[in-house]
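> Input: one structure, supplied below.
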Amino acid sequence: MAHVSSLLFSPVANNISKKLILSNAAPAISSNLIQRCYLSSAGSHNYDIIIAGGGLVGTAMACALGCSKILSEKKILLLEGAPPKPITLKDTYSNRVSAINNSSVGLFQDIQVWDDIKGHRVQEVRKMQIWDASSPSLITFSDEDLSKPVAYIIENDLMQWALTKRLGDIPNSSVRYSSKIKDYVLPKSSSSDVPLVILENDEKLTCNLLIGADGVNSKVRSKMVTSVQRTDYNQMGVVATLSISDSTNNIVAWQRFLPDGVIALLPLSESTSSLVWSTSVEKAKSLVNLPEESFVDAVNDALLKEYPSNPFVESLLKNLNLAASVDCQIPPSIKDVQPNSRAAFPLGSTSVSRYVNSCVALIGDAAHRVHPLAGQGVNIGFGDVDCLAHQLENAVYQGYQLGRGHHLKIYQSERLKNTLPKMKAIHYLHSLYQSSFTPIVALRSVGLSLVHSMPFVKKELIKRANL
Amino acid sequence: MSVSTIVSSVAKSRSAFLCQSVRPFTTVQNGHKSSQTSVDPSTVSHHSKLAENWWDDSGFLKALQSMNSLRVPLVRDGLFQTGAACSDRKNTPRPLEGLNIVDVGCGGGLLSEPLARLGASVTGIDASAELIEIAQQHAQLDPSLQNRLTYIHTLAETHACEAEAKYDAVVSSEVIEHVKDKHFFIEQCTKLLKPRGSLFITTLNRTTLSWLGGVVMAEYVARLVPQGTHQWELFIQPSELQIMLEKYGCFTKLLHGMCYNPLTDEWHWSQNVSINYAIHAVKTD
């Protein structure tokens with residue numbers, strides 16, 4: 001149970017939202033952004049860094065590189081396949097939200113988007129409660145007197161808007177929308193060639209470093225020598241925006257392990273919460289199509305219904321003095337579902353053996369995609385951004401040519417060290433909670449309760465989840 | 001040939017070297033002769049043979065390439081320390097802008113290129129025409145190096161006459177351990193320096209450990225570098241080097257050990273100077 005820590009709830013479908021392309025609402029900035037390219041003597045457009053994929057992680061990468069003083073003379077291009085789409089931040093909440101941990105907030109502060117994001121709307125999570133439907137075990141995470149947030153629930157649209165707007169202020173970065181990629185030609189290691197990007201219109205772009213931020217089906221990755229491991233969970237994630245009935249202090253994120261999945265309720269405002277419910281494919285499809293009232297009933301059931309508790313596990317916990325039912329708070333009941341806010345998306349996990357090759361690096365879902373149960377997906381991606389930006393700064397400040405030298409390998413080993421244990425933990429956690437087999441229920445219940453009763457272990461877990 | 005025979009043959013040659021190891025210093029005491037030179041023709045021809053693999057990052061110069069992660073910051077931060085590089089330029093793209101640096105024994109340009117990328121005007125000199133050719137060709141791969149990097153096929157003593165007191169910094173990395181007449185070599189290096197200029201030297205210490213690590217391990221067992229690259233008796237101890245530098249008006253500002261891990265191909269600074277070390281000395285007014 002060493003990694004229950006990573007239970008930071010769900011970033012919802014960042015890969016999917018990649019298709020949802022947003023541009024800055026301010027037209028002056030967008031036009032400035034779209035076409036600013038540099039001609040090399042060879043006649044093809046040449047950049048120092050090309051980032052493929054303008055989702056949350058790709059755009060954050062462009063901002064992080066563009067904000068660096070050391071890299072301020074590097075020409076950076078962000079390629080996005082979809083056309084620019086202005087974002088309007090509506091009064092109603094979007095159903096695509098992410099739980100952002102404190103490290104990601106640190107990155108947002110570094111690249112100066114945090115004030116913009118916070119100035120709109122973010123919901124602080126002061127406490128998390130994770131509990132098991134089949135046993136009385138539970139765990140909570142919070143600062144001692146709930147004074148500091150453990151995470152923030154933020155709409156993906158809002159983050160994308162703030163990042164795109166920020167990128168518009170960076171003079172050495174540009175964005176090209178509607179850039180469909182026909183092919184990538186990557187250099188062989190130890191050759192002096194550079195990566196070549198061929199667009200659908202046969203235009204050729206070259207760069208010293210190509211960063212693949214093009215999501216779970218990364219085309220950049222398909223050109224690299226790396227093995228890809230996929231796990232299909234045969235599950236779908238159902239998302240929705242919900243109104244809660246007793247609108248008091250909505251600062252707790254709730255996650256309950258059910259016999260057939262995981263349900264999470266993330267606070268958005270005093271009276272609104274976001275739902276992320278991972279469940280079997282059939283159930284997910286039926287949930288999306290249920291009449292609104294029945295859907296609300298199903299959610300309330302999943303959050304509140306008493307499941308028959310395993311008597312063996314119950315007595316075991318009691319004998320071990322670990323019965324924590326006293327600490328268990330009841331989540332708010334759901335009043336309504338926001339119309340048209342329901343959606344379902346498939347869940348899977350992907351991991352690759354290498355994140356880098358000569359002059360190429362992968363970030364975000366292109367390198368790793370995880371089950372949303374721990375809410376780590378986009379946070380790991382932002383961690384990649386931070387790490388890669390620092391390594392590239394180091395490389396350039398040591399006089400290396402971008403894409404050359406050992407700094408890409410340092411990025412890879414640092415991120416693999418960070419990501420692999422999280423991915424494994426999330427995977428095992430998922431398997432552990434899929435079971436109603438008594439010894440396994442006993443194991444996870446005792447484990448969860450033990451961790452709950454040891455504050456120092458919890459602190460360590462929070463620290464690791466935040467790395 | 002088994003490892004043990006290799007070791008014993010190296011050991012024999014080492015003891016032979018030991019007998020004559022004082023010779024380089026006696027030449028200097030006799031005063032500088034007109035035939036005096038900073039280079040040994042056999043060393044030049046040995047290194048010239050390595051030319052085609054000079055920039056191959058999986059080749060035997062791998063350790064020399066990865067050493068940049070220590071020696072580039074050594075030069076960069078050393079020049080901030082002495083005030084030669086303006087502190088406003090810290091953490092900017094070209095921290096060494098406006099400084100003239102000469103890389104004595106630049107080889108294929110492994111160290112000259114990164115220093116030029118940091119904004120310095122770099123002159124690389126080497127006694128091997130082949131290596132200068134390789135260095136020039138490689139520099140063309142990066143257009144940003146244009147106008148910042150010049151390579152000259154020349155000797156230190158020749159260049160010292162042409163460019164006396166022209167440089168803010170003289171860099172000579174992994175060179176002096178191949179030089180027989182070290183006094184003469186140091187004299188030429190210091191001559192190139194402006195007053196208050198910095199001399200950066202990295203080299204191998206002359207200890208049993210450096211013989212085992214730098215010659216036996218590196219050349220015969222792990223084969224990181226070709227056999228015959230190093231002659232142990234030419235290695236120089238830090239104290240000897242410091243005394244020599246002081247003789248020519250350069251005082252040691254920093255002495256650091258460098259430690260290489262061949263498994264990860266990484267270098268680390270270390271207190272231990274018994275194999276590789278780096279010296280930063282500053283010329284008096």
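Residues in the structure tokens are numbered from 1 in each chain, the chains being A, B, ... in the order shown, and ligands are numbered from 1 in the order shown.
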Within 7 Å of Ser135 (chain A), counting only C-alpha atoms, which residues qualify if same-chain residues fewer than 6 places away don't, as a count of residues only?

5

> What's around Leu268 (chain A) at 7 Å? Count only C-alpha atoms, leave out sequence neighbours fewer than 6 positions away in its own chain, and write the answer as a PyMOL selection string.

chain A and resi 123+153+274

> Can I get the selected residues back with all heavy atoms, as a compact mmCIF listing (two decimals), in the first residue's frame?


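Below is the file that was written, part_17.txt:
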# COMPACT_ATOMS: atom_id res chain seq x y z
N GLN A 123 -10.82 25.44 -7.32
CA GLN A 123 -11.36 25.03 -6.02
C GLN A 123 -10.26 24.32 -5.25
O GLN A 123 -9.67 23.36 -5.72
CB GLN A 123 -12.56 24.11 -6.21
CG GLN A 123 -13.15 23.61 -4.91
CD GLN A 123 -13.62 24.72 -3.98
OE1 GLN A 123 -14.32 25.65 -4.41
NE2 GLN A 123 -13.22 24.67 -2.72
N ILE A 153 -8.79 21.69 -7.80
CA ILE A 153 -9.57 21.17 -8.92
C ILE A 153 -9.74 22.30 -9.93
O ILE A 153 -10.25 23.38 -9.59
CB ILE A 153 -10.95 20.65 -8.46
CG1 ILE A 153 -10.80 19.68 -7.29
CG2 ILE A 153 -11.68 20.00 -9.63
CD1 ILE A 153 -10.00 18.43 -7.58
N SER A 274 -17.52 17.87 -9.47
CA SER A 274 -17.28 17.16 -10.71
C SER A 274 -17.19 15.68 -10.42
O SER A 274 -16.61 15.27 -9.42
CB SER A 274 -15.98 17.67 -11.32
OG SER A 274 -15.76 17.07 -12.57

> I'd like to know which residues of region 280-394 of chain A are strand (DSSP E) (by DSSP, run on the backbone); could you write them as a list in words?

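So the strand (DSSP E) residues in region 280-394 of chain A would be Ser280, Ile334, Lys335, Asp336, Val337, Ala343, Ala344, Phe345, Pro346, Leu347, Gly348, Ser349, Thr350, Ser351, Val352, Val356, Asn357, Val360, Ala361, Leu362, His368 and Arg369 of chain A.
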
> For CA of Trp114 (chain A) and CA of Tyr47 (chain A), determine how far apart the two atoms are, in Å to one decimal place.

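Pair CA of Trp114 (chain A) / CA of Tyr47 (chain A) returns 28.2 Å.
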
> Considering only C-alpha atoms, give me a table of residues in chain B that are at most 7 Å from chain A, with the closest atom pair and distance in Å for each, as CSV.


residue,atom,partner,partner_atom,distance
B:Asp56,CA,A:Ser190,CA,6.4
B:Asp57,CA,A:Ser190,CA,6.2
B:Ser69,CA,A:Gln398,CA,6.6
B:Val72,CA,A:Gln398,CA,5.8
B:Pro73,CA,A:Gln398,CA,6.2
B:Asn91,CA,A:Ile70,CA,5.5
B:Thr92,CA,A:Ile70,CA,4.5
B:Pro93,CA,A:Ile70,CA,4.5
B:Pro114,CA,A:Gly399,CA,3.9
B:Leu115,CA,A:Gly399,CA,6.1
B:Arg117,CA,A:Gly399,CA,5.3
B:Leu118,CA,A:Gly399,CA,5.6

> List as a ChimeraX atom specification the protein and nucleic acid residues near region 75-86 of chain B, meaning an atom at most 8 Å away when only C-alpha atoms are counted, but skip any in the same chain fewer than 6 places from it.

/B:95-97,99,168,197-198,200,280

> Given only C-alpha atoms as the basis, pick out the residue of B:Thr150, B:Asn205, B:Asn276, B:Thr190 nearest to Lys166 (chain B).

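So, comparing all the options, the nearest one is B:Thr190.
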
> Within 8 Å of Thr59 (chain A), counting only C-alpha atoms, which residues show up once you throw out same-chain ones fewer than 4 positions away? Write them as a PyMOL selection string, please.

chain A and resi 53-55+63+78+160+163-164+167

> Rounded to one decimal place, report the CA of Trp161 (chain A)-CA of Lys75 (chain A) distance in Å.

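It comes out at 22.3 Å.
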
> Tell me which protein, DNA and RNA residues are within 6 Å of Arg196 (chain B), counting only C-alpha atoms, leaving out same-chain ones fewer than 5 positions away, and put them as number ranges by chain.

B: 282-285

> Mind writing the picked residues with N, CA, C and O atoms as a compact mmCIF listing (two decimals), in the first residue's frame?


# COMPACT_ATOMS: atom_id res chain seq x y z
N VAL B 282 45.28 32.40 -11.64
CA VAL B 282 45.07 33.75 -12.15
C VAL B 282 46.42 34.47 -12.24
O VAL B 282 47.24 34.40 -11.31
N LYS B 283 46.64 35.14 -13.35
CA LYS B 283 47.92 35.83 -13.58
C LYS B 283 47.93 37.15 -12.81
O LYS B 283 46.92 37.87 -12.78
N THR B 284 49.05 37.44 -12.21
CA THR B 284 49.15 38.70 -11.46
C THR B 284 49.27 39.88 -12.44
O THR B 284 49.56 39.68 -13.62
N ASP B 285 49.06 41.07 -11.90
CA ASP B 285 49.12 42.28 -12.74
C ASP B 285 50.49 42.46 -13.38
O ASP B 285 51.49 42.18 -12.76

> Hey, could you make a per-residue contact list for region 92-123 of chain A against region 263-267 of chain A with 12 Å as the cut-off, showing the nearest pair of atoms and its distance in Å to one decimal, counting only C-alpha atoms, sorted by chain and number, as a tab-separated table?


residue	atom	partner	partner_atom	distance
A:Tyr93	CA	A:Pro267	CA	11.2
A:Asn95	CA	A:Leu266	CA	11.0
A:Arg96	CA	A:Leu266	CA	11.4
A:Val97	CA	A:Leu266	CA	8.9
A:Ser98	CA	A:Leu266	CA	9.1
A:Ala99	CA	A:Leu266	CA	8.1
A:Ile100	CA	A:Leu266	CA	11.5
A:Arg121	CA	A:Pro267	CA	11.6
A:Val122	CA	A:Pro267	CA	9.5
A:Gln123	CA	A:Pro267	CA	6.4

> Please, could you write that set of residues out with N, CA and C atoms as an mmCIF file, in the first residue's frame?


data_model
loop_
_atom_site.group_PDB
_atom_site.id
_atom_site.type_symbol
_atom_site.label_atom_id
_atom_site.label_comp_id
_atom_site.auth_asym_id
_atom_site.auth_seq_id
_atom_site.Cartn_x
_atom_site.Cartn_y
_atom_site.Cartn_z
ATOM 1 N N TYR A 93 -19.750 25.071 -15.362
ATOM 2 C CA TYR A 93 -18.442 24.427 -15.307
ATOM 3 C C TYR A 93 -18.289 23.393 -16.418
ATOM 4 N N ASN A 95 -17.022 19.830 -17.935
ATOM 5 C CA ASN A 95 -16.924 18.517 -17.274
ATOM 6 C C ASN A 95 -15.507 17.939 -17.316
ATOM 7 N N ARG A 96 -14.598 18.626 -18.012
ATOM 8 C CA ARG A 96 -13.201 18.151 -18.040
ATOM 9 C C ARG A 96 -12.402 18.925 -16.991
ATOM 10 N N VAL A 97 -12.109 18.263 -15.909
ATOM 11 C CA VAL A 97 -11.352 18.927 -14.846
ATOM 12 C C VAL A 97 -10.174 18.057 -14.451
ATOM 13 N N SER A 98 -9.174 18.664 -13.811
ATOM 14 C CA SER A 98 -8.036 17.900 -13.315
ATOM 15 C C SER A 98 -7.764 18.279 -11.869
ATOM 16 N N ALA A 99 -7.279 17.312 -11.113
ATOM 17 C CA ALA A 99 -6.793 17.612 -9.767
ATOM 18 C C ALA A 99 -5.320 17.956 -9.912
ATOM 19 N N ILE A 100 -4.990 19.190 -9.627
ATOM 20 C CA ILE A 100 -3.626 19.681 -9.848
ATOM 21 C C ILE A 100 -2.879 19.683 -8.525
ATOM 22 N N ARG A 121 -11.274 30.715 -11.611
ATOM 23 C CA ARG A 121 -11.850 29.892 -10.551
ATOM 24 C C ARG A 121 -11.100 28.588 -10.399
ATOM 25 N N VAL A 122 -10.614 28.387 -9.228
ATOM 26 C CA VAL A 122 -10.052 27.094 -8.884
ATOM 27 C C VAL A 122 -10.664 26.721 -7.541
ATOM 28 N N GLN A 123 -10.821 25.439 -7.319
ATOM 29 C CA GLN A 123 -11.355 25.033 -6.020
ATOM 30 C C GLN A 123 -10.258 24.322 -5.248
#

> Considering only C-alpha atoms, can you say which of B:Ser48, B:Asn53, B:Ser121, B:Ser172 comes closest to Asn147 (chain B)?

B:Ser121
